[in-house]
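One file, run.tsv, carrying TSV, C-alpha atoms:
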```tsv
chain	number	residue	atom	x	y	z
A	74	LYS	CA	44.31	59.76	41.97
A	75	ALA	CA	40.70	60.07	40.81
A	76	GLY	CA	40.06	61.96	37.60
A	77	VAL	CA	37.42	64.54	36.83
A	78	THR	CA	33.97	63.23	37.69
A	79	GLN	CA	30.85	64.44	35.95
A	80	THR	CA	27.30	63.55	36.93
A	81	PRO	CA	24.97	62.48	35.63
A	82	ARG	CA	26.39	60.73	32.56
A	83	TYR	CA	23.13	60.94	30.63
A	84	LEU	CA	20.12	63.22	30.83
A	85	ILE	CA	16.92	63.50	28.82
A	86	LYS	CA	14.90	66.68	29.10
A	87	THR	CA	12.15	68.42	27.16
A	88	ARG	CA	12.11	71.89	25.67
A	89	GLY	CA	11.55	74.65	28.19
A	90	GLN	CA	12.91	72.73	31.16
A	91	GLN	CA	16.09	73.56	33.00
A	92	VAL	CA	19.00	71.31	33.90
A	93	THR	CA	21.94	71.31	36.31
A	94	LEU	CA	25.14	69.38	35.63
A	95	SER	CA	27.81	68.68	38.20
A	96	CYS	CA	31.59	68.43	38.02
A	97	SER	CA	34.10	67.34	40.66
A	98	PRO	CA	37.67	68.30	39.68
A	99	ILE	CA	40.83	66.33	40.30
A	100	SER	CA	41.87	66.66	43.93
A	101	GLY	CA	43.96	69.81	44.34
A	102	HIS	CA	42.77	71.38	41.10
A	103	ARG	CA	41.14	74.74	41.65
A	104	SER	CA	40.21	75.83	38.16
A	105	VAL	CA	37.21	74.35	36.33
A	106	SER	CA	36.24	74.98	32.71
A	107	TRP	CA	33.13	73.87	30.85
A	108	TYR	CA	32.84	73.02	27.15
A	109	GLN	CA	30.00	72.03	24.84
A	110	GLN	CA	30.67	69.41	22.17
A	111	THR	CA	28.37	68.95	19.17
A	112	PRO	CA	28.94	67.27	15.79
A	113	GLY	CA	28.37	70.56	13.97
A	114	GLN	CA	30.26	73.07	16.11
A	115	GLY	CA	32.84	70.82	17.71
A	116	LEU	CA	34.23	71.68	21.15
A	117	GLN	CA	33.31	75.17	22.28
A	118	PHE	CA	34.34	76.95	25.49
A	119	LEU	CA	31.49	77.92	27.83
A	120	PHE	CA	33.15	79.40	30.94
A	121	GLU	CA	35.92	79.03	33.48
A	122	TYR	CA	35.77	79.29	37.27
A	123	PHE	CA	38.51	79.80	39.81
A	124	SER	CA	38.12	80.61	43.50
A	125	GLU	CA	34.34	80.65	43.09
A	126	THR	CA	34.59	83.43	40.49
A	127	GLN	CA	33.91	83.29	36.77
A	128	ARG	CA	37.12	84.32	35.03
A	129	ASN	CA	36.18	83.93	31.43
A	130	LYS	CA	33.08	83.28	29.37
A	131	GLY	CA	32.54	82.04	25.85
A	132	ASN	CA	29.98	83.19	23.32
A	133	PHE	CA	26.86	81.53	24.69
A	134	PRO	CA	23.51	83.04	25.68
A	135	GLY	CA	22.70	83.96	29.27
A	136	ARG	CA	20.63	80.78	29.61
A	137	PHE	CA	23.95	79.06	30.28
A	138	SER	CA	25.33	79.79	33.71
A	139	GLY	CA	27.61	78.21	36.23
A	140	ARG	CA	29.05	78.44	39.67
A	141	GLN	CA	31.88	77.05	41.73
A	142	PHE	CA	31.85	76.07	45.37
A	143	SER	CA	34.52	76.54	48.01
A	144	ASN	CA	35.67	72.91	47.52
A	145	SER	CA	36.24	73.68	43.80
A	146	ARG	CA	33.31	71.55	42.66
A	147	SER	CA	31.34	73.23	39.92
A	148	GLU	CA	27.86	73.14	38.48
A	149	MET	CA	26.48	74.49	35.24
A	150	ASN	CA	22.86	75.30	34.62
A	151	VAL	CA	20.94	75.66	31.39
A	152	SER	CA	17.51	77.23	31.61
A	153	THR	CA	14.65	77.21	29.08
A	154	LEU	CA	16.16	74.30	27.17
A	155	GLU	CA	16.11	74.33	23.38
A	156	LEU	CA	16.52	71.44	20.93
A	157	GLY	CA	19.90	72.88	19.93
A	158	ASP	CA	21.20	72.45	23.47
A	159	SER	CA	21.47	68.70	22.87
A	160	ALA	CA	25.18	68.04	23.25
A	161	LEU	CA	27.95	66.46	25.28
A	162	TYR	CA	28.89	68.84	28.10
A	163	LEU	CA	32.47	68.44	29.23
A	164	CYS	CA	34.18	69.70	32.32
A	165	ALA	CA	37.94	70.14	32.61
A	166	SER	CA	40.05	70.94	35.63
A	167	SER	CA	43.53	72.38	36.07
A	168	LEU	CA	45.70	73.27	39.03
A	169	ALA	CA	45.17	76.97	38.42
A	170	PRO	CA	44.00	79.23	35.63
A	171	GLY	CA	46.59	80.46	33.22
A	172	ARG	CA	47.98	80.33	29.76
A	173	ASP	CA	49.87	77.11	30.01
A	174	GLN	CA	48.00	75.04	32.57
A	175	PRO	CA	47.17	71.52	31.36
A	176	GLN	CA	43.45	70.85	31.46
A	177	HIS	CA	42.12	67.36	32.21
A	178	PHE	CA	38.65	66.37	31.08
A	179	GLY	CA	35.92	64.24	32.51
A	180	ASP	CA	33.85	61.91	30.32
A	181	GLY	CA	31.00	64.40	30.06
A	182	THR	CA	27.26	64.53	30.49
A	183	ARG	CA	25.25	63.61	27.40
A	184	LEU	CA	22.18	65.90	27.34
A	185	SER	CA	19.35	65.10	24.97
A	186	ILE	CA	16.44	67.49	24.47
A	187	LEU	CA	13.16	66.08	23.20
B	394	GLY	CA	38.81	85.84	17.03
B	395	GLU	CA	41.19	82.91	17.03
B	396	ASN	CA	41.19	80.70	13.95
B	397	VAL	CA	42.35	77.11	14.37
B	398	GLU	CA	42.60	74.77	11.41
B	399	GLN	CA	43.43	71.11	11.71
B	400	HIS	CA	44.36	68.80	8.83
B	401	PRO	CA	43.56	66.20	7.70
B	402	SER	CA	40.02	65.62	8.97
B	403	THR	CA	40.40	61.86	8.46
B	404	LEU	CA	43.52	59.73	8.28
B	405	SER	CA	43.78	56.01	7.65
B	406	VAL	CA	47.10	54.18	8.11
B	407	GLN	CA	48.34	50.62	8.33
B	408	GLU	CA	49.51	49.35	11.68
B	409	GLY	CA	53.17	50.20	12.12
B	410	ASP	CA	53.07	53.24	9.85
B	411	SER	CA	53.50	56.82	11.07
B	412	ALA	CA	50.74	59.43	11.28
B	413	VAL	CA	51.09	63.21	11.22
B	414	ILE	CA	48.38	65.75	12.04
B	415	LYS	CA	48.92	69.46	11.56
B	416	CYS	CA	47.30	72.39	13.37
B	417	THR	CA	47.50	76.02	12.23
B	418	TYR	CA	46.55	78.89	14.54
B	419	SER	CA	46.27	82.66	14.16
B	420	ASP	CA	46.99	84.15	17.62
B	421	SER	CA	50.68	85.06	17.70
B	422	ALA	CA	50.44	85.44	21.50
B	423	SER	CA	49.54	81.76	21.99
B	424	ASN	CA	52.18	80.01	24.05
B	425	TYR	CA	50.63	76.67	24.99
B	426	PHE	CA	49.84	73.93	22.48
B	427	PRO	CA	48.24	70.67	23.66
B	428	TRP	CA	46.96	67.65	21.76
B	429	TYR	CA	44.02	65.60	22.97
B	430	LYS	CA	42.83	62.10	22.06
B	431	GLN	CA	39.13	61.30	22.33
B	432	GLU	CA	37.86	57.75	22.21
B	433	LEU	CA	34.22	56.86	21.69
B	434	GLY	CA	32.15	57.60	24.78
B	435	LYS	CA	35.03	59.28	26.59
B	436	GLY	CA	36.19	62.80	27.22
B	437	PRO	CA	39.32	64.22	25.56
B	438	GLN	CA	42.53	62.91	27.08
B	439	LEU	CA	45.63	65.11	27.13
B	440	ILE	CA	48.38	63.13	25.38
B	441	ILE	CA	51.13	65.68	24.90
B	442	ASP	CA	51.66	69.42	25.09
B	443	ILE	CA	54.37	71.91	24.25
B	444	ARG	CA	55.16	75.45	25.28
B	445	SER	CA	56.46	78.17	23.02
B	446	ASN	CA	59.99	78.11	24.38
B	447	VAL	CA	60.43	74.56	23.06
B	448	GLY	CA	60.53	73.41	19.43
B	449	GLU	CA	59.93	69.70	19.90
B	450	LYS	CA	58.82	67.32	22.63
B	451	LYS	CA	58.72	63.55	22.56
B	452	ASP	CA	57.01	60.94	24.73
B	453	GLN	CA	57.64	57.38	23.56
B	454	ARG	CA	55.82	56.99	20.20
B	455	ILE	CA	54.27	60.47	20.31
B	456	ALA	CA	55.96	63.76	19.48
B	457	VAL	CA	54.86	67.35	18.94
B	458	THR	CA	56.76	69.92	16.90
B	459	LEU	CA	56.13	73.66	17.00
B	460	ASN	CA	56.91	76.34	14.42
B	461	LYS	CA	55.98	79.65	16.06
B	462	THR	CA	57.06	81.71	13.07
B	463	ALA	CA	54.69	79.87	10.76
B	464	LYS	CA	52.10	79.45	13.55
B	465	HIS	CA	51.62	75.73	13.29
B	466	PHE	CA	52.30	72.67	15.37
B	467	SER	CA	52.07	69.01	14.51
B	468	LEU	CA	51.39	65.70	16.22
B	469	HIS	CA	53.55	62.77	15.15
B	470	ILE	CA	52.67	59.18	16.05
B	471	THR	CA	55.17	56.51	15.09
B	472	GLU	CA	54.68	52.73	14.95
B	473	THR	CA	50.91	53.15	15.07
B	474	GLN	CA	48.78	50.52	16.76
B	475	PRO	CA	45.04	49.76	16.49
B	476	GLU	CA	44.51	51.32	19.93
B	477	ASP	CA	45.71	54.64	18.51
B	478	SER	CA	42.44	54.78	16.53
B	479	ALA	CA	40.52	57.78	17.91
B	480	VAL	CA	39.74	61.42	17.19
B	481	TYR	CA	42.63	63.80	17.86
B	482	PHE	CA	42.21	67.50	18.65
B	483	CYS	CA	44.68	70.33	18.78
B	484	ALA	CA	43.73	73.10	21.22
B	485	PRO	CA	46.06	76.11	21.25
B	486	HIS	CA	45.54	78.54	24.11
B	487	TYR	CA	44.07	81.85	23.04
B	488	GLY	CA	43.57	85.16	24.78
B	489	GLY	CA	46.43	85.55	27.24
B	490	SER	CA	46.08	85.00	30.96
B	491	GLN	CA	42.29	85.35	30.81
B	492	GLY	CA	41.97	83.12	27.79
B	493	ASN	CA	40.97	79.55	27.05
B	494	LEU	CA	41.66	76.62	24.76
B	495	ILE	CA	40.33	76.82	21.21
B	496	PHE	CA	39.81	73.37	19.73
B	497	GLY	CA	40.39	72.33	16.15
B	498	LYS	CA	37.66	70.33	14.37
B	499	GLY	CA	39.44	67.05	15.01
B	500	THR	CA	41.15	64.33	12.99
B	501	LYS	CA	39.68	60.85	12.94
B	502	LEU	CA	42.60	58.42	12.85
B	503	SER	CA	41.97	54.82	11.84
B	504	VAL	CA	44.78	52.29	12.22
B	505	LYS	CA	44.16	49.12	10.25
B	506	PRO	CA	45.69	45.89	11.60
```

Please lay out the structure from this file as structure tokens.
Amino acid sequence: KAGVTQTPRYLIKTRGQQVTLSCSPISGHRSVSWYQQTPGQGLQFLFEYFSETQRNKGNFPGRFSGRQFSNSRSEMNVSTLELGDSALYLCASSLAPGRDQPQHFGDGTRLSIL
Amino acid sequence: GENVEQHPSTLSVQEGDSAVIKCTYSDSASNYFPWYKQELGKGPQLIIDIRSNVGEKKDQRIAVTLNKTAKHFSLHITETQPEDSAVYFCAPHYGGSQGNLIFGKGTKLSVKP
């Protein structure tokens, strides 16, 4: 069974640009969550999607947005990129949303802002 | 908000020794407690989890214990091997049915051959 797939693996952008990252969940998983990982702040929750609806959102500015498609694939978008957005962006999928649903992570997209 | 503390931040052991990492959380409503292992260049990998109706769970050399009264849970690795070297994260679930995982700062485990 294939795991969570994130594309691209690496991205280099400049300040002010926008970027879209993609995540394909494990087959049969319908919930997708996004996290940002930085050396200073660690792993921080961005948002969660289920049935094409955002269920939960972390404490990030509105420049960070996402969506989910009917096949459960998800994308996240960051507009007007800032230097501080340089990070590893991780996607995790689970069978369904809920308090005790195991989440399985992809290997992330490494975003570097110049 | 939820406060998650993980100790120690670094841990160095000899191959064959045991390693213990402790995670303290503040949300008394949390009922799901996973541990993740992250190797260099990879995403976090779920290695074991426990739910609040269970006090201990074991999977080969890895075990997790939960003390809900004291609000802490611990990862135990026995007979450590060099391939256990990685960063380990606890991530208790916070916020009820609409909540999410809150990650600790991580513990860098080094197993010396």

**Request:** Would you give me, as number ranges by chain, the residues of chain B that come within 12 Å of chain A, using all atoms listed in the file?
**Result:** B: 394, 397, 422-446, 480-500

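With distances restricted to only C-alpha atoms, A:Ala169 is the closest residue to A:Ser124 from A:Leu94, A:Ala75, A:Ile186, A:Ala169.
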
**Request:** Tell me which protein, DNA and RNA residues are within 7 Å of A:Thr78, counting all atoms listed in the file, leaving out same-chain ones fewer than 3 positions away, and put them as number ranges by chain.
**Result:** A: 96-98, 179

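In this model, the gap between atom CA of B:Glu449 and atom CA of B:Phe466 comes to 9.4 Å.
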
**Prompt:** atom CA of B:Ser503 to atom CA of B:Glu476: how many Å, to one decimal?
**Reply:** 9.2 Å

Mind checking which residues fall within 9 Å of A:Gln141, counting only C-alpha atoms, ignoring those fewer than 2 positions away in the same chain, and posting them as a PDB file with C-alpha atoms, in the coordinates of the input?
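Result file result_5.pdb:
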```pdb
ATOM      1  CA  VAL A 105      37.210  74.350  36.330  1.00  0.00           C
ATOM      2  CA  TYR A 122      35.770  79.290  37.270  1.00  0.00           C
ATOM      3  CA  PHE A 123      38.510  79.800  39.810  1.00  0.00           C
ATOM      4  CA  SER A 124      38.120  80.610  43.500  1.00  0.00           C
ATOM      5  CA  GLU A 125      34.340  80.650  43.090  1.00  0.00           C
ATOM      6  CA  THR A 126      34.590  83.430  40.490  1.00  0.00           C
ATOM      7  CA  GLN A 127      33.910  83.290  36.770  1.00  0.00           C
ATOM      8  CA  GLY A 139      27.610  78.210  36.230  1.00  0.00           C
ATOM      9  CA  SER A 143      34.520  76.540  48.010  1.00  0.00           C
ATOM     10  CA  ASN A 144      35.670  72.910  47.520  1.00  0.00           C
ATOM     11  CA  SER A 145      36.240  73.680  43.800  1.00  0.00           C
ATOM     12  CA  ARG A 146      33.310  71.550  42.660  1.00  0.00           C
ATOM     13  CA  SER A 147      31.340  73.230  39.920  1.00  0.00           C
ATOM     14  CA  GLU A 148      27.860  73.140  38.480  1.00  0.00           C
ATOM     15  CA  MET A 149      26.480  74.490  35.240  1.00  0.00           C
TER      16      MET A 149
END
```

**Request:** Using only C-alpha atoms, determine which residues lie at most 8 Å from B:Val504, disregarding the query and same-chain residues fewer than 2 positions distant; provide the list as a ChimeraX atom specification.
**Result:** /B:405-408,473-478,502,506

Give the padded box for stretch 395-399 of chain B as lines of an AutoDock Vina configuration file: axis-aligned, covering all atoms listed in the file, 5 Å on each side, centre and edge lengths in Å to one decimal.
```
center_x = 42.3
center_y = 77.0
center_z = 14.2
size_x = 12.2
size_y = 21.8
size_z = 15.6
```

**Item:** Given all atoms listed in the file as the counted atoms, nearest of A:Phe142, A:Phe137, A:Tyr83, A:Trp107 to A:Asp158
**Value:**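 Of all the options, A:Phe137 lies closest to A:Asp158.
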
**Request:** Report the distance between atom CA of B:Asp410 and atom CA of B:Ile470 in Å, rounded to one decimal place.
**Result:** 8.6 Å
